[in-house]
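Participant: For reference, the file work.cif (mmCIF, C-alpha atoms) is included below:
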data_query
loop_
_atom_site.label_atom_id
_atom_site.label_comp_id
_atom_site.auth_asym_id
_atom_site.auth_seq_id
_atom_site.Cartn_x
_atom_site.Cartn_y
_atom_site.Cartn_z
CA MET A 1 -8.17 -3.22 -19.90
CA ARG A 2 -7.34 -1.42 -16.71
CA SER A 3 -7.38 -2.23 -13.01
CA ILE A 4 -7.48 0.09 -10.00
CA ILE A 5 -5.31 -1.18 -7.17
CA ASP A 6 -4.10 2.07 -5.68
CA ILE A 7 -5.84 5.46 -5.74
CA MET A 8 -2.69 6.78 -7.42
CA ASP A 9 -3.52 4.61 -10.44
CA LEU A 10 -5.99 7.41 -11.24
CA SER A 11 -4.75 10.84 -12.30
CA VAL A 12 -6.28 13.99 -10.83
CA GLU A 13 -8.04 14.54 -14.17
CA GLU A 14 -9.49 11.02 -14.12
CA ILE A 15 -10.73 11.54 -10.57
CA ASP A 16 -12.34 14.80 -11.70
CA GLY A 17 -14.04 12.81 -14.45
CA LEU A 18 -15.32 10.21 -11.99
CA LEU A 19 -16.60 12.93 -9.66
CA ALA A 20 -18.44 14.55 -12.58
CA THR A 21 -19.95 11.20 -13.60
CA ALA A 22 -21.03 10.47 -10.01
CA GLU A 23 -22.70 13.85 -9.70
CA ASP A 24 -24.46 13.30 -13.00
CA ILE A 25 -25.67 9.90 -11.75
CA ILE A 26 -27.04 11.62 -8.63
CA GLU A 27 -28.88 14.15 -10.80
CA ASN A 28 -29.99 11.76 -13.56
CA PRO A 29 -30.13 8.19 -12.23
CA LYS A 30 -32.47 6.96 -14.98
CA LYS A 31 -29.91 7.83 -17.63
CA TYR A 32 -27.63 5.12 -16.20
CA ALA A 33 -30.24 2.48 -15.33
CA ASP A 34 -29.32 0.21 -18.26
CA ALA A 35 -25.72 1.24 -18.73
CA CYS A 36 -24.31 -2.16 -17.74
CA ARG A 37 -27.10 -4.39 -19.02
CA GLY A 38 -25.66 -7.84 -19.73
CA LYS A 39 -22.48 -7.21 -17.72
CA LYS A 40 -21.47 -9.11 -14.59
CA LEU A 41 -19.55 -7.89 -11.57
CA ALA A 42 -17.79 -10.57 -9.49
CA THR A 43 -17.45 -9.59 -5.85
CA LEU A 44 -14.63 -11.70 -4.40
CA PHE A 45 -14.61 -10.91 -0.70
CA PHE A 46 -12.08 -13.04 1.15
CA GLU A 47 -12.59 -10.85 4.21
CA PRO A 48 -15.90 -9.85 5.83
CA SER A 49 -17.49 -6.64 4.62
CA THR A 50 -20.95 -5.16 4.71
CA ARG A 51 -20.67 -1.68 3.28
CA THR A 52 -18.14 -2.13 0.53
CA ARG A 53 -19.55 -5.36 -0.86
CA LEU A 54 -23.16 -4.21 -0.75
CA SER A 55 -22.13 -0.85 -2.15
CA PHE A 56 -20.47 -2.54 -5.14
CA GLU A 57 -23.46 -4.80 -5.61
CA ALA A 58 -25.97 -1.94 -5.33
CA ALA A 59 -23.83 0.06 -7.76
CA MET A 60 -23.88 -2.71 -10.36
CA TYR A 61 -27.61 -3.37 -9.97
CA GLU A 62 -28.37 0.34 -10.36
CA LEU A 63 -26.39 0.27 -13.60
CA GLY A 64 -28.59 -2.58 -14.83
CA GLY A 65 -25.89 -5.23 -14.46
CA ASN A 66 -25.68 -8.47 -12.50
CA VAL A 67 -23.55 -9.67 -9.64
CA ILE A 68 -21.92 -12.99 -8.81
CA GLY A 69 -19.41 -13.77 -6.08
CA PHE A 70 -18.82 -14.77 -2.49
CA SER A 71 -18.60 -12.93 0.78
CA ASP A 72 -16.50 -15.31 2.81
CA ALA A 73 -13.22 -17.01 1.98
CA SER A 74 -14.48 -20.26 3.53
CA SER A 75 -17.11 -20.52 0.80
CA SER A 76 -14.56 -20.08 -1.99
CA SER A 77 -11.94 -22.40 -3.44
CA SER A 78 -9.26 -20.55 -1.48
CA SER A 79 -10.35 -22.75 1.42
CA LYS A 80 -9.15 -25.69 -0.73
CA GLY A 81 -5.83 -23.96 -1.27
CA GLU A 82 -6.49 -22.25 -4.59
CA SER A 83 -4.16 -19.33 -5.25
CA VAL A 84 -5.34 -15.79 -5.85
CA SER A 85 -3.78 -16.00 -9.31
CA ASP A 86 -5.85 -19.05 -10.25
CA THR A 87 -9.03 -17.57 -8.77
CA ALA A 88 -8.49 -14.43 -10.87
CA ARG A 89 -8.01 -16.49 -14.05
CA VAL A 90 -11.10 -18.58 -13.36
CA ILE A 91 -13.38 -15.66 -12.53
CA SER A 92 -12.22 -13.91 -15.71
CA CYS A 93 -14.14 -16.63 -17.58
CA TYR A 94 -17.40 -15.79 -15.80
CA ALA A 95 -17.52 -12.04 -15.21
CA ASP A 96 -16.69 -8.72 -16.84
CA ILE A 97 -15.12 -7.01 -13.83
CA ILE A 98 -13.87 -8.04 -10.38
CA ALA A 99 -14.09 -6.24 -7.04
CA MET A 100 -11.74 -8.01 -4.62
CA ARG A 101 -11.21 -7.66 -0.91
CA HIS A 102 -8.49 -9.72 0.71
CA HIS A 103 -6.87 -9.79 4.14
CA LYS A 104 -3.44 -10.19 2.55
CA GLU A 105 -1.78 -7.02 1.27
CA GLY A 106 -1.11 -7.07 -2.45
CA ALA A 107 -3.64 -9.81 -3.26
CA PRO A 108 -5.73 -7.62 -5.62
CA TYR A 109 -2.53 -6.57 -7.38
CA VAL A 110 -1.61 -10.21 -7.89
CA ALA A 111 -5.12 -10.85 -9.23
CA SER A 112 -4.80 -7.92 -11.64
CA THR A 113 -1.62 -9.39 -13.11
CA LYS A 114 -3.42 -12.65 -13.97
CA ALA A 115 -7.02 -11.63 -14.70
CA SER A 116 -8.11 -10.81 -18.22
CA ILE A 117 -10.78 -8.42 -16.89
CA PRO A 118 -10.44 -5.25 -14.77
CA VAL A 119 -9.79 -5.76 -11.05
CA ILE A 120 -10.82 -3.20 -8.45
CA ASN A 121 -9.10 -3.34 -5.08
CA ALA A 122 -11.91 -3.29 -2.53
CA GLY A 123 -9.43 -3.28 0.37
CA ASP A 124 -6.27 -5.31 0.94
CA GLY A 125 -5.25 -5.88 4.55
CA GLY A 126 -4.04 -2.67 6.13
CA HIS A 127 -2.71 -1.43 2.82
CA ASN A 128 -5.03 0.35 0.37
CA HIS A 129 -8.72 0.99 -0.16
CA PRO A 130 -9.02 3.18 -3.26
CA THR A 131 -12.81 3.08 -3.70
CA GLN A 132 -13.33 4.28 -0.14
CA THR A 133 -11.07 7.16 -1.10
CA LEU A 134 -13.27 7.89 -4.09
CA ALA A 135 -16.24 8.01 -1.70
CA ASP A 136 -14.26 10.31 0.59
CA LEU A 137 -13.31 12.62 -2.28
CA LEU A 138 -16.91 13.01 -3.44
CA THR A 139 -17.91 13.75 0.15
CA ILE A 140 -15.19 16.39 0.50
CA LYS A 141 -16.17 17.94 -2.82
CA ARG A 142 -19.85 18.11 -1.93
CA GLU A 143 -19.34 19.23 1.67
CA LYS A 144 -16.37 21.58 1.36
CA GLY A 145 -16.57 22.53 -2.30
CA ARG A 146 -12.81 22.30 -2.75
CA PHE A 147 -9.76 20.04 -2.39
CA ASN A 148 -7.21 22.82 -1.91
CA ASN A 149 -6.49 24.77 1.29
CA LEU A 150 -7.71 22.17 3.74
CA THR A 151 -6.40 21.00 7.11
CA ILE A 152 -7.33 17.37 7.56
CA GLY A 153 -7.06 15.54 10.86
CA PHE A 154 -6.79 11.76 10.80
CA CYS A 155 -7.57 10.21 14.16
CA GLY A 156 -7.25 6.69 15.55
CA ASP A 157 -5.56 3.77 13.86
CA LEU A 158 -3.32 5.38 11.28
CA LYS A 159 -1.02 2.36 11.05
CA PHE A 160 -3.46 -0.22 9.70
CA GLY A 161 -6.08 2.27 8.49
CA ARG A 162 -5.95 1.57 4.76
CA THR A 163 -8.56 4.26 4.05
CA VAL A 164 -6.26 6.79 5.70
CA HIS A 165 -3.27 5.76 3.58
CA SER A 166 -5.22 6.02 0.35
CA LEU A 167 -6.82 9.37 1.23
CA ILE A 168 -3.46 10.89 2.22
CA SER A 169 -2.05 9.84 -1.16
CA ALA A 170 -5.02 11.30 -3.01
CA MET A 171 -5.11 14.60 -1.12
CA SER A 172 -1.34 15.10 -1.38
CA ARG A 173 -1.87 16.06 -5.03
CA TYR A 174 -3.82 19.20 -4.14
CA GLU A 175 -2.42 22.56 -3.07
CA ASN A 176 -1.97 23.73 0.49
CA VAL A 177 -3.34 20.61 2.14
CA LYS A 178 -2.06 20.01 5.68
CA PHE A 179 -2.41 16.85 7.70
CA VAL A 180 -2.65 16.42 11.46
CA MET A 181 -2.07 12.79 12.42
CA ILE A 182 -3.70 12.02 15.76
CA SER A 183 -2.85 8.58 17.11
CA PRO A 184 -1.20 6.70 19.95
CA ASP A 185 2.48 5.85 19.44
CA GLU A 186 1.64 2.25 18.50
CA LEU A 187 -0.67 3.24 15.65
CA THR A 188 1.18 6.04 13.88
CA ILE A 189 1.24 6.46 10.12
CA PRO A 190 3.48 3.86 8.41
CA ASP A 191 6.94 4.74 7.27
CA TYR A 192 6.10 4.09 3.60
CA VAL A 193 3.37 6.74 3.59
CA LYS A 194 5.87 9.28 4.90
CA GLN A 195 8.68 8.19 2.58
CA ASN A 196 6.56 7.75 -0.56
CA VAL A 197 4.00 10.52 -0.18
CA LEU A 198 4.50 13.11 2.52
CA ILE A 199 8.24 13.79 2.33
CA PRO A 200 8.73 13.75 -1.48
CA ASN A 201 5.75 16.08 -1.95
CA SER A 202 6.86 18.39 0.88
CA ILE A 203 3.45 18.03 2.52
CA GLU A 204 3.06 19.84 5.84
CA TYR A 205 2.07 17.36 8.54
CA LYS A 206 2.39 16.86 12.24
CA GLU A 207 1.88 13.91 14.53
CA VAL A 208 0.09 14.56 17.81
CA LYS A 209 -1.63 12.53 20.51
CA SER A 210 -4.34 14.95 21.62
CA LEU A 211 -7.55 15.23 19.62
CA GLU A 212 -8.66 18.23 21.70
CA GLU A 213 -5.54 20.21 20.85
CA ALA A 214 -5.84 19.51 17.13
CA MET A 215 -9.60 20.15 16.88
CA PRO A 216 -9.76 23.97 16.44
CA GLU A 217 -7.65 24.05 13.28
CA LEU A 218 -9.35 21.21 11.42
CA ASP A 219 -11.52 21.59 8.31
CA ILE A 220 -12.04 17.83 8.13
CA LEU A 221 -11.82 15.26 10.94
CA TYR A 222 -11.41 11.72 9.63
CA MET A 223 -12.08 9.29 12.46
CA THR A 224 -11.07 5.62 12.19
CA ARG A 225 -11.77 2.45 14.10
CA VAL A 226 -9.01 0.57 15.90
CA GLN A 227 -9.32 -2.65 13.93
CA LYS A 228 -9.35 -5.78 16.06
CA GLU A 229 -8.67 -7.95 13.00
CA ARG A 230 -5.28 -6.29 12.38
CA PHE A 231 -3.82 -7.21 15.76
CA PHE A 232 -1.95 -10.44 16.42
CA ASN A 233 -2.13 -9.73 20.14
CA GLU A 234 -5.59 -9.11 21.64
CA ALA A 235 -4.14 -7.42 24.71
CA ASP A 236 -2.71 -4.65 22.48
CA TYR A 237 -6.11 -4.19 20.85
CA ILE A 238 -7.91 -3.92 24.18
CA ARG A 239 -5.36 -1.42 25.46
CA LEU A 240 -5.70 0.84 22.40
CA LYS A 241 -9.31 0.49 21.27
CA ASP A 242 -10.79 3.32 23.34
CA THR A 243 -7.98 5.83 22.92
CA TYR A 244 -10.17 8.32 21.04
CA ILE A 245 -13.91 8.73 21.38
CA LEU A 246 -15.54 11.69 19.64
CA THR A 247 -18.36 13.23 21.68
CA PRO A 248 -20.40 16.45 21.36
CA GLU A 249 -18.32 17.89 24.21
CA ARG A 250 -15.08 17.28 22.33
CA LEU A 251 -16.54 19.06 19.30
CA GLN A 252 -17.12 22.30 21.19
CA SER A 253 -13.84 23.80 20.02
CA ALA A 254 -14.31 22.64 16.40
CA LYS A 255 -15.10 24.88 13.45
CA ASP A 256 -18.76 25.35 12.58
CA ASP A 257 -18.16 23.98 9.10
CA LEU A 258 -16.04 21.02 10.19
CA CYS A 259 -16.71 17.90 8.13
CA ILE A 260 -16.66 14.77 10.31
CA MET A 261 -15.90 11.66 8.29
CA HIS A 262 -15.50 7.96 9.09
CA PRO A 263 -15.16 5.06 6.65
CA LEU A 264 -17.40 2.91 8.91
CA PRO A 265 -18.04 0.55 10.55
CA ARG A 266 -17.65 2.40 13.80
CA VAL A 267 -17.54 0.71 17.15
CA ASN A 268 -17.53 3.44 19.77
CA GLU A 269 -15.03 5.97 18.44
CA ILE A 270 -17.86 8.32 17.48
CA SER A 271 -20.61 8.65 20.06
CA VAL A 272 -24.10 8.22 18.55
CA ALA A 273 -24.88 11.62 20.04
CA VAL A 274 -22.69 13.10 17.30
CA ASP A 275 -24.89 11.62 14.57
CA ASP A 276 -27.39 14.47 14.80
CA ASP A 277 -24.69 17.12 14.50
CA LYS A 278 -24.95 18.83 11.09
CA ARG A 279 -21.20 18.38 10.73
CA ALA A 280 -21.47 14.57 10.76
CA CYS A 281 -20.95 13.39 7.18
CA TYR A 282 -20.21 9.69 7.60
CA PHE A 283 -23.54 8.40 6.41
CA LYS A 284 -23.36 10.69 3.39
CA GLN A 285 -20.00 9.03 2.64
CA VAL A 286 -21.75 5.68 2.36
CA LEU A 287 -24.15 6.96 -0.29
CA ASN A 288 -21.40 8.81 -2.11
CA GLY A 289 -19.40 5.58 -2.18
CA LYS A 290 -22.10 3.85 -4.20
CA TYR A 291 -22.18 6.64 -6.78
CA MET A 292 -18.41 6.69 -7.12
CA ARG A 293 -18.31 2.90 -7.54
CA MET A 294 -20.92 3.23 -10.26
CA ALA A 295 -18.75 5.83 -11.97
CA LEU A 296 -15.66 3.63 -11.63
CA ILE A 297 -17.39 0.52 -13.00
CA LEU A 298 -18.56 2.55 -16.02
CA LYS A 299 -15.04 3.83 -16.60
CA LEU A 300 -13.32 0.46 -16.32
CA LEU A 301 -15.92 -1.25 -18.51
CA GLU A 302 -15.50 1.63 -20.96
CA VAL A 303 -19.24 2.19 -21.10
CA GLU A 304 -20.18 5.40 -22.89
CA ILE A 305 -23.45 7.10 -21.93
CA MET B 1 48.02 -13.58 5.88
CA ILE B 2 48.54 -14.07 2.17
CA VAL B 3 46.04 -15.38 -0.33
CA GLY B 4 47.61 -15.83 -3.73
CA GLN B 5 46.73 -13.84 -6.81
CA ILE B 6 44.28 -15.32 -9.25
CA LYS B 7 44.92 -15.63 -12.97
CA ASP B 8 41.36 -15.33 -14.25
CA GLY B 9 38.43 -14.48 -12.08
CA ILE B 10 36.58 -11.91 -10.01
CA VAL B 11 37.69 -10.06 -6.91
CA LEU B 12 35.11 -8.33 -4.78
CA ASP B 13 37.04 -5.72 -2.86
CA HIS B 14 36.18 -3.04 -0.30
CA ILE B 15 33.42 -5.11 1.25
CA LYS B 16 32.39 -3.56 4.55
CA ALA B 17 33.95 -5.68 7.31
CA GLY B 18 31.43 -8.28 8.43
CA ARG B 19 29.38 -8.29 5.21
CA GLY B 20 31.58 -10.80 3.36
CA MET B 21 29.75 -13.86 4.59
CA LYS B 22 26.37 -12.30 3.73
CA ILE B 23 27.58 -11.73 0.16
CA TYR B 24 29.11 -15.21 0.01
CA ASP B 25 25.77 -16.74 1.03
CA THR B 26 23.59 -14.49 -1.12
CA LEU B 27 25.60 -15.12 -4.27
CA LYS B 28 25.63 -18.83 -3.38
CA LEU B 29 29.38 -18.92 -3.88
CA GLY B 30 29.59 -22.12 -1.87
CA GLU B 31 27.81 -23.90 -4.73
CA LEU B 32 30.45 -23.00 -7.32
CA ASP B 33 32.93 -25.56 -8.63
CA CYS B 34 35.83 -23.11 -8.70
CA ALA B 35 38.03 -22.00 -5.83
CA VAL B 36 36.62 -19.17 -3.72
CA ALA B 37 38.44 -17.33 -0.95
CA LEU B 38 36.63 -15.24 1.66
CA ILE B 39 38.95 -12.98 3.59
CA VAL B 40 37.49 -11.18 6.57
CA ASN B 41 38.93 -8.28 8.53
CA ALA B 42 41.74 -7.57 6.08
CA ASP B 43 43.67 -4.37 6.81
CA SER B 44 42.63 -1.44 4.65
CA GLU B 45 44.15 2.03 4.52
CA LYS B 46 40.84 3.54 3.45
CA MET B 47 38.40 1.48 5.51
CA GLY B 48 40.45 0.28 8.47
CA LYS B 49 39.11 -3.24 8.06
CA LYS B 50 37.43 -4.78 5.05
CA ASP B 51 36.35 -8.13 3.67
CA ILE B 52 37.46 -9.46 0.27
CA ILE B 53 36.14 -12.31 -1.88
CA LYS B 54 38.26 -13.88 -4.59
CA ILE B 55 36.65 -16.16 -7.16
CA SER B 56 39.03 -18.11 -9.34
CA GLY B 57 37.27 -18.44 -12.67
CA LEU B 58 35.41 -16.04 -14.95
CA ILE B 59 32.00 -17.34 -14.11
CA ASP B 60 28.70 -15.81 -15.13
CA ILE B 61 27.22 -14.50 -11.93
CA ASP B 62 24.59 -11.83 -11.28
CA LEU B 63 26.23 -9.29 -9.01
CA HIS B 64 23.46 -6.68 -9.04
CA ILE B 65 22.32 -7.51 -5.52
CA LEU B 66 25.68 -6.19 -4.30
CA GLY B 67 24.36 -2.68 -4.97
CA PHE B 68 21.79 -3.29 -2.24
CA ILE B 69 23.90 -5.26 0.24
CA ASP B 70 27.00 -3.10 0.03
CA PRO B 71 27.16 -0.38 -2.64
CA ASP B 72 30.79 0.38 -1.80
CA VAL B 73 32.01 -2.99 -3.10
CA THR B 74 34.45 -2.78 -6.00
CA VAL B 75 34.20 -5.53 -8.60
CA ASN B 76 37.52 -6.33 -10.27
CA ILE B 77 37.58 -8.57 -13.31
CA ILE B 78 40.92 -10.34 -13.58
CA ASN B 79 42.19 -11.64 -16.89
CA ASP B 80 45.60 -13.24 -17.26
CA GLY B 81 46.61 -11.92 -13.85
CA LYS B 82 45.68 -8.31 -14.65
CA VAL B 83 42.68 -6.17 -13.65
CA VAL B 84 40.90 -5.57 -16.96
CA LYS B 85 37.76 -4.00 -15.52
CA ARG B 86 36.97 -2.30 -12.22
CA GLU B 87 33.49 -1.11 -11.35
CA LYS B 88 31.03 -0.24 -8.64
CA ILE B 89 27.64 -1.92 -8.83
CA ALA B 90 24.73 0.41 -9.45
CA LEU B 91 21.48 -0.14 -7.59
CA PRO B 92 19.21 -2.39 -9.66
CA GLU B 93 15.71 -1.13 -10.45
CA THR B 94 14.19 -4.34 -9.14
CA ILE B 95 15.44 -7.22 -7.01
CA THR B 96 13.70 -10.51 -7.66
CA ASP B 97 13.71 -13.57 -5.42
CA ILE B 98 16.70 -12.51 -3.36
CA LEU B 99 14.91 -10.50 -0.69
CA LYS B 100 11.98 -11.92 1.24
CA CYS B 101 9.14 -9.69 2.41
CA LYS B 102 8.99 -9.66 6.20
CA ASN B 103 5.44 -8.30 6.44
CA PRO B 104 3.27 -11.10 7.86
CA ARG B 105 0.25 -9.54 6.12
CA CYS B 106 1.87 -9.63 2.66
CA ILE B 107 0.34 -11.91 0.01
CA THR B 108 3.78 -13.49 -0.49
CA THR B 109 3.46 -15.17 2.91
CA VAL B 110 0.66 -17.40 1.67
CA GLU B 111 1.16 -17.68 -2.10
CA GLN B 112 4.32 -19.72 -2.26
CA GLU B 113 4.78 -19.56 -6.02
CA LEU B 114 4.85 -15.75 -6.14
CA GLN B 115 8.16 -14.11 -6.91
CA HIS B 116 9.41 -11.81 -4.18
CA VAL B 117 9.97 -8.57 -6.06
CA PHE B 118 11.30 -5.35 -4.56
CA LYS B 119 11.42 -2.08 -6.45
CA LEU B 120 13.85 0.79 -5.96
CA CYS B 121 11.77 3.67 -4.58
CA ASP B 122 14.41 6.05 -3.26
CA GLU B 123 17.82 5.80 -4.86
CA GLY B 124 19.45 8.37 -2.56
CA ASN B 125 18.53 6.42 0.55
CA LYS B 126 18.79 3.01 -1.13
CA VAL B 127 15.19 2.14 -0.27
CA TYR B 128 13.54 -0.88 -1.85
CA ARG B 129 9.90 -1.73 -1.25
CA CYS B 130 7.87 -4.88 -1.83
CA ILE B 131 5.76 -4.42 -4.97
CA TYR B 132 2.80 -6.10 -3.25
CA CYS B 133 2.58 -4.44 0.16
CA GLU B 134 5.20 -1.63 -0.01
CA THR B 135 7.10 -2.90 3.02
CA LYS B 136 10.66 -1.62 3.09
CA ALA B 137 13.42 -4.15 2.52
CA GLU B 138 16.11 -4.39 5.17
CA LEU B 139 19.45 -6.12 4.87
CA GLU B 140 17.98 -8.90 6.99
CA SER B 141 15.38 -9.41 4.25
CA VAL B 142 18.00 -11.19 2.14
CA LYS B 143 16.72 -14.76 1.87
#
Write out the structure in this file as structure tokens.
Facilitator:
Amino acid sequence: MRSIIDIMDLSVEEIDGLLATAEDIIENPKKYADACRGKKLATLFFEPSTRTRLSFEAAMYELGGNVIGFSDASSSSSSKGESVSDTARVISCYADIIAMRHHKEGAPYVASTKASIPVINAGDGGHNHPTQTLADLLTIKREKGRFNNLTIGFCGDLKFGRTVHSLISAMSRYENVKFVMISPDELTIPDYVKQNVLIPNSIEYKEVKSLEEAMPELDILYMTRVQKERFFNEADYIRLKDTYILTPERLQSAKDDLCIMHPLPRVNEISVAVDDDKRACYFKQVLNGKYMRMALILKLLEVEI
Amino acid sequence: MIVGQIKDGIVLDHIKAGRGMKIYDTLKLGELDCAVALIVNADSEKMGKKDIIKISGLIDIDLHILGFIDPDVTVNIINDGKVVKREKIALPETITDILKCKNPRCITTVEQELQHVFKLCDEGNKVYRCIYCETKAELESVK
């Protein structure tokens, strides 16, 4: 029985296996239609989510399984004061696998130490979001055809952007990957990402404030939303929320084969005018996320096809 | 100022000046039945000033946290008036329920029964991180 809390819980070889499974699902969806018949996924979402929760649910339904769960902490026993540990133990009696999102960092890890079924971290505070990273990796593979020799720009909220932290960790295992961190001073990449990932792996990275200056060298531009829910002070949020807005004009100096990614939801950091640009890949990410979650559920439930 | 020698006990020497009280509190030495002396700002040839703690009595006490608070501390075990063992404290792999995570977004802030566990991530720089949220422990994190 295995849980996935951090993208680094998966080896490069295991990720390759998941990517291969996802691509096989894309090619042969019928082959997987009954793969999880009789199995139940519990989606425990203590924090609001549209994409991730529905993606997990769609993934399980397309595997022939069922879904139980809640999408709001107020409708769960946590509103009565139940601990994450107890919730994990209880849900283990009802379901075969858990996907948990929680606003507190480390909550899915705590659940994984008490549950008797696999736990998937579906996002914990500003910490990690490994299944979004799996979606990102499939998108990079399908759009760029490689994981090596890439310059990736991360733009926006790099402090609380859990998808950024997880993708940096995942990409740091490939050769000749460079990062350009584009953010205001208040939202720079956390110290632990530098100390745990970038410095020990001698990854080339730079921190800049100007998106325009960074644009020409990028193979991938990963935009992020400044997340209102991560701020204790609304004035700080209002001051920072419109720091970077990607428009067709700002893309003029970008490479023709740039891959523009965003974990969504977006607010206004990518103008809708960019949506028609062939380099916009963020809606493809959404679809890829479902396939990778299907592959992950199959792996953790040890379903052989 | 003279504090007498102890017959059997523990002497924590070479404590960085000013850290003695932190160690006294962290090890909960005030709760012991035996005599304990905390000497601050003692003259030291090597350090200029240092703090010293003398515990009269060979008590069973977990000193591993000293590796985090002040790795330069020397632990002297005194038996029958003589130093029978002298050692530096190595950094422990994990520190449990001594440091408190300061990240307001950490699960430990709401789940009161959870142990506060920090793991050694970088021995060279003496960096411990919360196992739940990866926040770095600072000296002020000592409960």
Participant: For chain B, report every residue with an atom at most 6 Å from chain A (counting all atoms listed in the file), formatted as a list in words.
Facilitator: Arg105, Cys106, Ile107, Tyr132 and Cys133 of chain B
Participant: Quick one: which residues end up in the PyMOL selection byres ((chain B and resi 48-51) around 9) for this structure, as an NGL selection string?
Facilitator: :B and (12-21 or 38-47 or 52-53)
Participant: Give me the residues near Glu123 (chain B) as a tab-separated table (two decimals) with C-alpha atoms, in the coordinates of the input, where near means some atom within 10 Å (using only C-alpha atoms) and where sequence neighbours in that chain fewer than 6 positions away do not count.
Facilitator:
chain	number	residue	atom	x	y	z
B	90	ALA	CA	24.73	0.41	-9.45
B	91	LEU	CA	21.48	-0.14	-7.59
B	92	PRO	CA	19.21	-2.39	-9.66
B	93	GLU	CA	15.71	-1.13	-10.45
Participant: What's the 7 Å shell around region 277-286 of chain A, counting all atoms listed in the file, without same-chain residues fewer than 5 positions away, as a PyMOL selection string?
Facilitator: chain A and resi 135-136+139+257-263
Participant: In Å, how far is it from CA of Ile117 (chain A) to CA of Thr131 (chain A)?
Facilitator: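 Separating CA of Ile117 (chain A) from CA of Thr131 (chain A) is a distance of 17.6 Å.
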Participant: Residues near Arg129 (chain B), anyone? I mean within 9 Å using only C-alpha atoms, not counting same-chain ones fewer than 4 positions away, as a ChimeraX atom specification.
Facilitator: /A:192 /B:101,117-121,133-137
Participant: Check what the PyMOL selection byres ((chain A and resi 232-249) around 12) selects in the file above and give those residues as a ChimeraX atom specification.
Facilitator: /A:154-157,182-187,209-212,215,221-231,250-254,260-262,266-280 /B:104-105
Participant: Kindly indicate which residue among A:Asp9, A:Glu14, A:Glu207, A:Asp24 lies nearest to Leu158 (chain A), using all atoms listed in the file for the distances.
Facilitator: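 The answer is A:Glu207, which sits nearest to Leu158 (chain A).
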Participant: Please identify all polymer residues lying at most 9 Å from the point (-13.6, 2.1, -16.1) (file coordinates), using all atoms listed in the file, and present the result as number ranges by chain.
Facilitator: A: 1-4, 118, 295-303
Participant: Could you please determine the separation between CA of Glu111 (chain B) and CA of Thr87 (chain A) in Å, to one decimal place?
Facilitator: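 Taking CA of Glu111 (chain B) as the start and CA of Thr87 (chain A) as the end point, the length is 12.2 Å.
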